[in-house]
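S.K.: Please find one structure pasted underneath; my questions will follow.
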Amino acid sequence: MDWFKTWFNTPYYHLLYGNRDNKEAAFFIDNLLTHLNLPKTSRCWDLNCGKGRHSLYLNKKGYEVIGTDLSEESICYAKQQETDSLHFYKHDMRNLFYANYFDAVFNLFTSFGYFKNKHDDERVFQSVNKALKPGGLFVIDFFNAACVLANLKASEEKQIGEVAFHIRKRVENNIIIKEITAEDKTGKHLFKEEVKTFTLTDFTTLAQKAELKVKHCFGNYSLQDFDEHASERLIITFEK
């Protein structure tokens, strides 16, 4: 089974990554909205929304938002925050959700690059293209692979409450593989993450195949220019 179908549904995943920075997310969204100049009548799709922190903030800013994620546990949590203009659904990002419906699609916080087959990556971009209205916008927020690889730590130990996490990282075939052992009173539990080291060139190629145009490229949540050797993030906006 694909690692992401199990890992994201475990309590250990939510414990390990439970310190998501909501202020940082709000800061990023505010900057994006200023740059994109989205009308308040826009419909937004938060693609791979997790527990919905970006969806919730977009909705608070006045937008109609749909968040989707493959993790049933995350969607169950997110649904507690639903409003008349904010809804969450379990959905595989490789498949079309709604056609010609959204003004903007957001894929944030490295929620891409999980699939072994490159055809699956292409399917995601194609589904986004079909979901967008003409002139619609697509935003991807990914890590800057060059900086991540240059600073990759081979091992890491974390103690969170009663759980000890032992993390090992390596790179194989342009994929960052993270092996995670969660140890508590119930024993040892083994998990894995595998994320491709996509570059700006890789994303540009995917966009071209899906008939999406690259508009801008940024290197951090302040939306400063992207520098392959120094930027923490790779944030790209596309237009249909």
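Naming works like this for the structure tokens: A, B, ... for the chains as they're shown, residue 1 at the start of each chain, ligands 1 onward in shown order.
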Just want the 9 Å neighbourhood of Leu108 of chain A, counted on only C-alpha atoms, with same-chain residues fewer than 2 positions away dropped. Output as a JSON list (two decimals) with C-alpha atoms, in the first residue's frame.
M.R.:
```json
[["chain", "number", "residue", "atom", "x", "y", "z"],
["A", 46, "ASP", "CA", -7.67, 23.69, -0.99],
["A", 47, "LEU", "CA", -6.17, 20.57, -2.55],
["A", 48, "ASN", "CA", -4.74, 18.22, 0.10],
["A", 49, "CYS", "CA", -6.05, 20.40, 2.90],
["A", 54, "HIS", "CA", -5.54, 27.13, 5.19],
["A", 106, "PHE", "CA", -4.17, 25.94, -3.63],
["A", 110, "THR", "CA", 4.50, 20.35, 0.33],
["A", 111, "SER", "CA", 1.37, 18.33, -0.38],
["A", 112, "PHE", "CA", 2.65, 16.96, -3.67],
["A", 139, "VAL", "CA", -0.68, 27.88, -6.47],
["A", 140, "ILE", "CA", 1.82, 25.24, -5.38],
["A", 141, "ASP", "CA", 3.89, 25.67, -2.22],
["A", 142, "PHE", "CA", 6.73, 23.12, -2.17],
["A", 235, "ILE", "CA", 6.09, 28.78, -4.49]]
```
S.K.: Residues of segment 104-182 of chain A within 8 Å of segment 205-218 of chain A: nearest atom pair and distance (Å, one decimal) for each, counting only C-alpha atoms, sorted by chain and number, as a tab-separated table?
M.R.:
```
residue	atom	partner	partner_atom	distance
A:Asp121	CA	A:Leu206	CA	7.7
A:Glu122	CA	A:Leu206	CA	6.1
A:Phe125	CA	A:Ala210	CA	5.8
A:Gln126	CA	A:Ala210	CA	5.1
A:Asn129	CA	A:Ala210	CA	6.5
```
S.K.: Keeping N, CA and C atoms for every residue in the selection just given, could you write it to a file as a tab-separated table (two decimals), in the first residue's frame?
M.R.:
```
chain	number	residue	atom	x	y	z
A	121	ASP	N	1.52	12.23	-11.22
A	121	ASP	CA	1.79	13.65	-11.05
A	121	ASP	C	1.11	14.45	-12.16
A	122	GLU	N	1.18	13.93	-13.38
A	122	GLU	CA	0.54	14.60	-14.51
A	122	GLU	C	-0.98	14.62	-14.35
A	125	PHE	N	-2.11	17.61	-12.19
A	125	PHE	CA	-2.13	18.88	-12.92
A	125	PHE	C	-3.29	18.92	-13.92
A	126	GLN	N	-3.58	17.80	-14.53
A	126	GLN	CA	-4.69	17.75	-15.48
A	126	GLN	C	-6.04	17.95	-14.77
A	129	ASN	N	-6.37	21.60	-13.97
A	129	ASN	CA	-6.73	22.35	-15.17
A	129	ASN	C	-8.23	22.25	-15.45
```
S.K.: If we count only C-alpha atoms and set the cut-off at 12 Å, which residues sit around Gly161 of chain A, ignoring sequence neighbours fewer than 6 positions away in its own chain? Please answer as a list in words.
M.R.: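 So the residues in contact are Tyr12, Leu15, Leu16, Gly18, Ala182, Glu183, Asp184 and Lys185 of chain A.
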S.K.: My list of candidates is A:Ala99, A:Val105, A:Leu152, A:Leu33. Which is closest to Gly136 of chain A when distances are computed with only C-alpha atoms?
M.R.: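 Once distances to Gly136 of chain A are computed over only C-alpha atoms, the minimum belongs to A:Val105.
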